[in-house]
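Q: Pasting my_file_28.cif here (mmCIF, C-alpha atoms):
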```cif
data_coords
loop_
_atom_site.group_PDB
_atom_site.id
_atom_site.type_symbol
_atom_site.label_atom_id
_atom_site.label_comp_id
_atom_site.auth_asym_id
_atom_site.auth_seq_id
_atom_site.Cartn_x
_atom_site.Cartn_y
_atom_site.Cartn_z
ATOM 1 C CA ASP H 1 -9.763 31.434 80.156
ATOM 2 C CA THR H 2 -8.631 30.263 83.566
ATOM 3 C CA ALA H 3 -8.449 26.469 83.745
ATOM 4 C CA VAL H 4 -8.689 26.098 87.539
ATOM 5 C CA SER H 5 -9.912 29.082 89.503
ATOM 6 C CA GLN H 6 -10.206 29.644 93.228
ATOM 7 C CA THR H 7 -11.875 32.312 95.285
ATOM 8 C CA PRO H 8 -10.925 34.167 97.293
ATOM 9 C CA LYS H 9 -7.202 34.630 96.642
ATOM 10 C CA TYR H 10 -6.622 35.986 100.136
ATOM 11 C CA LEU H 11 -8.577 35.298 103.284
ATOM 12 C CA VAL H 12 -7.793 36.938 106.614
ATOM 13 C CA THR H 13 -9.994 35.973 109.509
ATOM 14 C CA GLN H 14 -10.173 35.589 113.264
ATOM 15 C CA MET H 15 -9.741 32.359 115.180
ATOM 16 C CA GLY H 16 -13.019 30.565 115.682
ATOM 17 C CA ASN H 17 -14.648 31.830 112.490
ATOM 18 C CA ASP H 18 -16.032 29.637 109.717
ATOM 19 C CA LYS H 19 -14.913 30.232 106.139
ATOM 20 C CA SER H 20 -15.253 28.685 102.682
ATOM 21 C CA ILE H 21 -13.008 28.514 99.649
ATOM 22 C CA LYS H 22 -14.468 27.801 96.231
ATOM 23 C CA CYS H 23 -12.869 26.053 93.282
ATOM 24 C CA GLU H 24 -13.998 25.588 89.713
ATOM 25 C CA GLN H 25 -12.349 23.898 86.743
ATOM 26 C CA ASN H 26 -13.354 24.235 83.113
ATOM 27 C CA LEU H 27 -11.126 21.454 81.789
ATOM 28 C CA GLY H 28 -13.770 18.744 81.858
ATOM 29 C CA HIS H 29 -11.705 16.733 84.338
ATOM 30 C CA ASP H 30 -13.312 14.096 86.503
ATOM 31 C CA THR H 31 -11.020 14.351 89.533
ATOM 32 C CA MET H 32 -10.465 17.327 91.817
ATOM 33 C CA TYR H 33 -8.220 17.848 94.840
ATOM 34 C CA TRP H 34 -7.535 20.105 97.784
ATOM 35 C CA TYR H 35 -3.942 20.546 98.905
ATOM 36 C CA LYS H 36 -2.459 22.469 101.811
ATOM 37 C CA GLN H 37 0.974 24.086 101.462
ATOM 38 C CA ASP H 38 2.646 25.185 104.660
ATOM 39 C CA SER H 39 5.225 27.897 105.205
ATOM 40 C CA LYS H 40 8.053 25.458 104.376
ATOM 41 C CA LYS H 41 6.414 24.708 101.028
ATOM 42 C CA PHE H 42 5.416 21.151 101.936
ATOM 43 C CA LEU H 43 2.412 20.308 99.813
ATOM 44 C CA LYS H 44 0.047 17.793 101.318
ATOM 45 C CA ILE H 45 -3.128 16.383 99.862
ATOM 46 C CA MET H 46 -6.246 16.788 101.957
ATOM 47 C CA PHE H 47 -9.114 15.497 99.842
ATOM 48 C CA SER H 48 -9.863 14.191 96.389
ATOM 49 C CA TYR H 49 -13.147 13.735 94.575
ATOM 50 C CA ASN H 50 -13.777 11.688 91.460
ATOM 51 C CA ASN H 51 -17.073 12.345 89.730
ATOM 52 C CA LYS H 52 -18.435 13.934 92.914
ATOM 53 C CA GLU H 53 -17.419 10.936 95.023
ATOM 54 C CA LEU H 54 -14.886 11.335 97.837
ATOM 55 C CA ILE H 55 -11.942 9.035 97.092
ATOM 56 C CA ILE H 56 -9.146 10.449 99.225
ATOM 57 C CA ASN H 57 -9.627 11.756 102.740
ATOM 58 C CA GLU H 58 -6.302 12.186 104.457
ATOM 59 C CA THR H 59 -5.878 12.718 108.174
ATOM 60 C CA VAL H 60 -7.549 16.090 108.254
ATOM 61 C CA PRO H 61 -9.482 17.503 111.242
ATOM 62 C CA ASN H 62 -13.214 17.114 110.731
ATOM 63 C CA ARG H 63 -13.477 20.900 110.940
ATOM 64 C CA PHE H 64 -12.588 20.690 107.240
ATOM 65 C CA SER H 65 -15.436 19.590 105.011
ATOM 66 C CA PRO H 66 -15.213 19.384 101.237
ATOM 67 C CA LYS H 67 -18.274 19.527 99.018
ATOM 68 C CA SER H 68 -18.517 18.729 95.339
ATOM 69 C CA PRO H 69 -21.862 19.825 93.911
ATOM 70 C CA ASP H 70 -20.799 18.702 90.437
ATOM 71 C CA LYS H 71 -17.709 17.497 88.577
ATOM 72 C CA ALA H 72 -16.505 21.016 87.884
ATOM 73 C CA HIS H 73 -16.688 22.357 91.440
ATOM 74 C CA LEU H 74 -15.033 21.455 94.707
ATOM 75 C CA ASN H 75 -15.475 23.705 97.695
ATOM 76 C CA LEU H 76 -13.779 23.598 101.071
ATOM 77 C CA HIS H 77 -15.515 24.715 104.232
ATOM 78 C CA ILE H 78 -13.541 25.183 107.425
ATOM 79 C CA ASN H 79 -15.226 25.502 110.806
ATOM 80 C CA SER H 80 -13.780 26.985 113.986
ATOM 81 C CA LEU H 81 -10.579 28.201 112.362
ATOM 82 C CA GLU H 82 -7.348 27.802 114.304
ATOM 83 C CA LEU H 83 -3.981 29.545 114.036
ATOM 84 C CA GLY H 84 -2.458 26.363 112.604
ATOM 85 C CA ASP H 85 -4.851 26.463 109.657
ATOM 86 C CA SER H 86 -2.903 29.398 108.241
ATOM 87 C CA ALA H 87 -1.442 28.184 104.947
ATOM 88 C CA VAL H 88 -1.956 28.357 101.217
ATOM 89 C CA TYR H 89 -4.709 26.051 99.964
ATOM 90 C CA PHE H 90 -4.570 24.825 96.399
ATOM 91 C CA CYS H 91 -7.284 23.254 94.347
ATOM 92 C CA ALA H 92 -6.249 21.012 91.463
ATOM 93 C CA SER H 93 -7.860 18.795 88.880
ATOM 94 C CA SER H 94 -6.858 15.937 86.622
ATOM 95 C CA GLN H 95 -8.394 13.428 84.282
ATOM 96 C CA GLU H 96 -8.757 9.828 85.437
ATOM 97 C CA GLY H 97 -7.092 10.079 88.798
ATOM 98 C CA VAL H 98 -3.736 10.794 90.371
ATOM 99 C CA ARG H 99 -1.484 9.220 87.760
ATOM 100 C CA ASN H 100 -2.023 11.973 85.255
ATOM 101 C CA GLU H 101 -0.939 15.565 85.086
ATOM 102 C CA GLN H 102 -2.634 17.805 87.620
ATOM 103 C CA PHE H 103 -3.654 21.376 86.933
ATOM 104 C CA PHE H 104 -3.460 23.705 89.910
ATOM 105 C CA GLY H 105 -5.389 26.784 90.812
ATOM 106 C CA PRO H 106 -3.612 29.979 91.902
ATOM 107 C CA GLY H 107 -4.072 29.215 95.608
ATOM 108 C CA THR H 108 -5.881 30.839 98.510
ATOM 109 C CA ARG H 109 -3.688 32.296 101.211
ATOM 110 C CA LEU H 110 -5.509 31.852 104.498
ATOM 111 C CA THR H 111 -4.308 33.824 107.499
ATOM 112 C CA VAL H 112 -5.912 33.143 110.854
ATOM 113 C CA LEU H 113 -5.320 35.834 113.487
ATOM 114 C CA SER M 1 6.713 11.743 105.715
ATOM 115 C CA GLN M 2 7.119 12.973 102.140
ATOM 116 C CA GLN M 3 7.504 10.296 99.493
ATOM 117 C CA GLY M 4 9.791 12.352 97.299
ATOM 118 C CA GLU M 5 12.710 14.382 98.574
ATOM 119 C CA GLU M 6 14.512 16.901 96.415
ATOM 120 C CA ASP M 7 18.161 17.768 96.645
ATOM 121 C CA PRO M 8 19.575 20.376 96.932
ATOM 122 C CA GLN M 9 17.088 22.454 98.891
ATOM 123 C CA ALA M 10 18.305 25.578 97.139
ATOM 124 C CA LEU M 11 20.380 26.355 94.079
ATOM 125 C CA SER M 12 21.717 29.657 92.778
ATOM 126 C CA ILE M 13 23.150 29.859 89.273
ATOM 127 C CA GLN M 14 24.100 32.400 86.642
ATOM 128 C CA GLU M 15 21.893 32.917 83.623
ATOM 129 C CA GLY M 16 22.957 30.593 80.858
ATOM 130 C CA GLU M 17 24.235 27.880 83.209
ATOM 131 C CA ASN M 18 22.587 24.508 83.677
ATOM 132 C CA ALA M 19 20.661 23.593 86.822
ATOM 133 C CA THR M 20 20.382 20.037 88.076
ATOM 134 C CA MET M 21 18.220 18.841 90.897
ATOM 135 C CA ASN M 22 17.561 15.365 92.197
ATOM 136 C CA CYS M 23 14.624 13.548 93.677
ATOM 137 C CA SER M 24 14.711 10.391 95.737
ATOM 138 C CA TYR M 25 11.674 8.373 96.697
ATOM 139 C CA LYS M 26 10.904 5.370 98.831
ATOM 140 C CA THR M 27 8.286 3.086 97.293
ATOM 141 C CA SER M 28 7.581 1.703 93.816
ATOM 142 C CA ILE M 29 5.964 4.051 91.366
ATOM 143 C CA ASN M 30 4.029 3.969 88.111
ATOM 144 C CA ASN M 31 5.233 7.396 87.127
ATOM 145 C CA LEU M 32 7.042 10.424 88.475
ATOM 146 C CA GLN M 33 6.134 14.010 87.714
ATOM 147 C CA TRP M 34 7.979 17.314 87.994
ATOM 148 C CA TYR M 35 6.232 20.597 88.723
ATOM 149 C CA ARG M 36 7.343 24.206 88.880
ATOM 150 C CA GLN M 37 5.984 26.823 91.260
ATOM 151 C CA ASN M 38 6.701 30.486 90.737
ATOM 152 C CA SER M 39 6.500 32.686 93.807
ATOM 153 C CA GLY M 40 2.898 33.258 94.866
ATOM 154 C CA ARG M 41 1.474 30.998 92.161
ATOM 155 C CA GLY M 42 0.081 27.523 91.767
ATOM 156 C CA LEU M 43 2.112 24.557 90.571
ATOM 157 C CA VAL M 44 2.584 24.008 86.865
ATOM 158 C CA HIS M 45 3.176 20.552 85.446
ATOM 159 C CA LEU M 46 6.482 20.218 83.573
ATOM 160 C CA ILE M 47 6.964 16.610 82.659
ATOM 161 C CA LEU M 48 5.772 13.096 83.480
ATOM 162 C CA ILE M 49 8.089 10.110 83.154
ATOM 163 C CA ARG M 50 6.758 6.560 83.376
ATOM 164 C CA SER M 51 8.498 3.839 85.346
ATOM 165 C CA ASN M 52 9.530 2.040 82.130
ATOM 166 C CA GLU M 53 11.197 5.171 80.735
ATOM 167 C CA ARG M 54 14.745 6.202 81.550
ATOM 168 C CA GLU M 55 14.918 9.649 80.048
ATOM 169 C CA LYS M 56 12.555 12.266 78.724
ATOM 170 C CA HIS M 57 13.032 15.670 77.136
ATOM 171 C CA SER M 58 10.799 18.697 76.877
ATOM 172 C CA GLY M 59 12.358 21.836 75.448
ATOM 173 C CA ARG M 60 15.231 22.799 77.761
ATOM 174 C CA LEU M 61 14.195 20.204 80.328
ATOM 175 C CA ARG M 62 15.686 16.757 80.628
ATOM 176 C CA VAL M 63 14.402 14.261 83.165
ATOM 177 C CA THR M 64 15.986 10.936 84.024
ATOM 178 C CA LEU M 65 14.586 8.130 86.083
ATOM 179 C CA ASP M 66 16.472 5.290 87.742
ATOM 180 C CA THR M 67 13.949 2.972 89.352
ATOM 181 C CA SER M 68 16.688 0.709 90.735
ATOM 182 C CA LYS M 69 18.014 3.622 92.771
ATOM 183 C CA LYS M 70 14.564 5.144 93.268
ATOM 184 C CA SER M 71 15.778 8.481 92.021
ATOM 185 C CA SER M 72 15.110 11.032 89.329
ATOM 186 C CA SER M 73 16.869 14.146 88.143
ATOM 187 C CA LEU M 74 15.694 17.299 86.423
ATOM 188 C CA LEU M 75 18.135 19.241 84.290
ATOM 189 C CA ILE M 76 17.338 22.725 83.046
ATOM 190 C CA THR M 77 19.762 23.766 80.332
ATOM 191 C CA ALA M 78 20.727 27.340 79.422
ATOM 192 C CA SER M 79 18.803 28.765 82.363
ATOM 193 C CA ARG M 80 16.959 32.052 82.171
ATOM 194 C CA ALA M 81 15.791 34.499 84.834
ATOM 195 C CA ALA M 82 12.253 33.234 84.229
ATOM 196 C CA ASP M 83 13.332 29.777 85.445
ATOM 197 C CA THR M 84 13.610 31.193 88.976
ATOM 198 C CA ALA M 85 11.081 29.088 90.864
ATOM 199 C CA SER M 86 10.665 26.106 93.159
ATOM 200 C CA TYR M 87 10.713 22.697 91.535
ATOM 201 C CA PHE M 88 8.907 19.697 92.980
ATOM 202 C CA CYS M 89 8.943 16.043 92.150
ATOM 203 C CA ALA M 90 5.801 14.032 92.770
ATOM 204 C CA THR M 91 5.341 10.289 92.881
ATOM 205 C CA ASP M 92 2.090 8.425 92.450
ATOM 206 C CA GLY M 93 0.409 5.830 94.573
ATOM 207 C CA TYR M 94 -3.180 6.217 95.693
ATOM 208 C CA LYS M 95 -2.269 9.908 95.883
ATOM 209 C CA LEU M 96 0.369 12.200 94.434
ATOM 210 C CA SER M 97 3.114 12.779 97.013
ATOM 211 C CA PHE M 98 5.266 15.864 96.681
ATOM 212 C CA GLY M 99 8.728 16.553 97.964
ATOM 213 C CA ALA M 100 9.698 19.789 99.715
ATOM 214 C CA GLY M 101 11.094 21.238 96.522
ATOM 215 C CA THR M 102 14.309 22.778 95.247
ATOM 216 C CA THR M 103 14.341 26.558 95.108
ATOM 217 C CA VAL M 104 16.252 27.710 92.042
ATOM 218 C CA THR M 105 17.457 31.288 91.670
ATOM 219 C CA VAL M 106 18.832 32.341 88.300
ATOM 220 C CA ARG M 107 20.981 35.473 88.545
ATOM 221 C CA ALA M 108 21.087 37.829 85.565
#
```
Since I need it in another form, could you write the structure as structure tokens?
A:
Amino acid sequence: DTAVSQTPKYLVTQMGNDKSIKCEQNLGHDTMYWYKQDSKKFLKIMFSYNNKELIINETVPNRFSPKSPDKAHLNLHINSLELGDSAVYFCASSQEGVRNEQFFGPGTRLTVL
Amino acid sequence: SQQGEEDPQALSIQEGENATMNCSYKTSINNLQWYRQNSGRGLVHLILIRSNEREKHSGRLRVTLDTSKKSSSLLITASRAADTASYFCATDGYKLSFGAGTTVTVRA
């Protein structure tokens, strides 16, 4: 049973398109995250939700919009994709916030052409 | 800027040798975590050490924490080919801040 799953694993799209990445966790955690990892492996948090409430919103272009329909799901929608959005996006979850162990999904490699 | 910074950036060792990597950070922490990332995969949590702990062990892993120097080290003993991965330290605050990682290659 996969603890944190993401779909799709790979996403190749043209500049200007809109795309979504979905994430689900079956760990019963109350906090979920989206991270972006660039080509140099820097991992940067984008958003975090706790019990469906947005608690972290880093300096991310408003073309990126997270949505948490329930505690177990956190989706990421990206409008008007740009070349610089190419990266690997990771979803993660934890119990009771950032101070505890985080469980990561396998990542979605987004390539914008 | 990243809160945690790992050193060295890359490390190549022979199977059976020990691997040591360091992490330095800038602000006070409640805990520090180490993660491993195999190529093309998500991060996997290895160990969490609290600010009032100095050393922690988990299997072949040994983590130390020196809050006075704002630094931590991760030691992998008797390395195996399967230990080939990138290793990240992460410090807490309102968010978890990751360093750029140490890429470890274990040669057979």
Q: Taking only C-alpha atoms into account, what are the residues of chain M at most 8 Å from chain H, put as a list of chain:residue names?
A: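 Here they are: M:Asn30, M:Asn31, M:Gln33, M:Gly40, M:Arg41, M:Gly42, M:Leu43, M:Val44, M:His45, M:Leu48, M:Asp92, M:Gly93, M:Tyr94, M:Lys95, M:Leu96, M:Ser97, M:Phe98, M:Gly99, M:Ala100, M:Gly101.
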Q: Take the point (14.9, 6.9, 99.5) as written in the file and pick out every residue within 10 Å of it, counting all atoms listed in the file; give the list as a ChimeraX atom specification.
A: /M:3-5,23-27,69-71
Q: Would you kindly translate the PyMOL selection byres ((chain M and resi 9) around 8) into the concrete residues it picks from this file, as a list in words?
A: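 What the PyMOL selection byres ((chain M and resi 9) around 8) grabs from the file is Glu6, Asp7, Pro8, Ala10, Leu11, Ala100, Gly101, Thr102 and Thr103 of chain M.
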Q: As an exercise, work out the distance from atom CA of M:Leu74 to atom CA of M:Ala108 in Å and give it to one decimal place.
A: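 It comes out at 21.2 Å.
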Q: Atom CA of M:Gln37 and atom CA of H:Trp34, how far apart in Å?
A: 16.4 Å
Q: Here's the selection I'm unsure about, the PyMOL selection byres ((chain H and resi 9-24) around 6); applied to the file above, which residues does it give, as a ChimeraX atom specification?
A: /H:4-8,25,72-82,108-113
Q: Keeping only C-alpha atoms, write the selected residues as a CSV table (one decimal), in the coordinates of the input.
A:
```csv
chain,number,residue,atom,x,y,z
H,4,VAL,CA,-8.7,26.1,87.5
H,5,SER,CA,-9.9,29.1,89.5
H,6,GLN,CA,-10.2,29.6,93.2
H,7,THR,CA,-11.9,32.3,95.3
H,8,PRO,CA,-10.9,34.2,97.3
H,25,GLN,CA,-12.3,23.9,86.7
H,72,ALA,CA,-16.5,21.0,87.9
H,73,HIS,CA,-16.7,22.4,91.4
H,74,LEU,CA,-15.0,21.5,94.7
H,75,ASN,CA,-15.5,23.7,97.7
H,76,LEU,CA,-13.8,23.6,101.1
H,77,HIS,CA,-15.5,24.7,104.2
H,78,ILE,CA,-13.5,25.2,107.4
H,79,ASN,CA,-15.2,25.5,110.8
H,80,SER,CA,-13.8,27.0,114.0
H,81,LEU,CA,-10.6,28.2,112.4
H,82,GLU,CA,-7.3,27.8,114.3
H,108,THR,CA,-5.9,30.8,98.5
H,109,ARG,CA,-3.7,32.3,101.2
H,110,LEU,CA,-5.5,31.9,104.5
H,111,THR,CA,-4.3,33.8,107.5
H,112,VAL,CA,-5.9,33.1,110.9
H,113,LEU,CA,-5.3,35.8,113.5
```
Q: What is the atom CA of M:His57 to atom CA of M:Cys89 distance in Å?
A: 15.6 Å
Q: Identify all residues satisfying the PyMOL selection byres ((chain M and resi 64) around 9) in the given file; provide them as a list in words.
A: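 Taken on the displayed file, the PyMOL selection byres ((chain M and resi 64) around 9) yields the residues Ile49, Glu53, Arg54, Glu55, Lys56, His57, Arg62, Val63, Leu65, Asp66, Ser71, Ser72, Ser73, Leu74 and Leu75 of chain M.
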Q: Edge lengths and centre in Å to one decimal, as JSON, is what I'm after for the box along x, y and z that holds all listed atoms of stretch 52-71 of chain M once 3 Å is added on each side.
A:
```
{"center_x": 13.8, "center_y": 11.8, "center_z": 84.4, "size_x": 14.5, "size_y": 28.1, "size_z": 23.8}
```
Q: Hey, which of M:Asn52, M:Ser28, M:Asn18, M:Ser12 ends up closest to M:Ala78? Count only C-alpha atoms.
A: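 With only C-alpha atoms as the atom set, the closest residue is M:Asn18.
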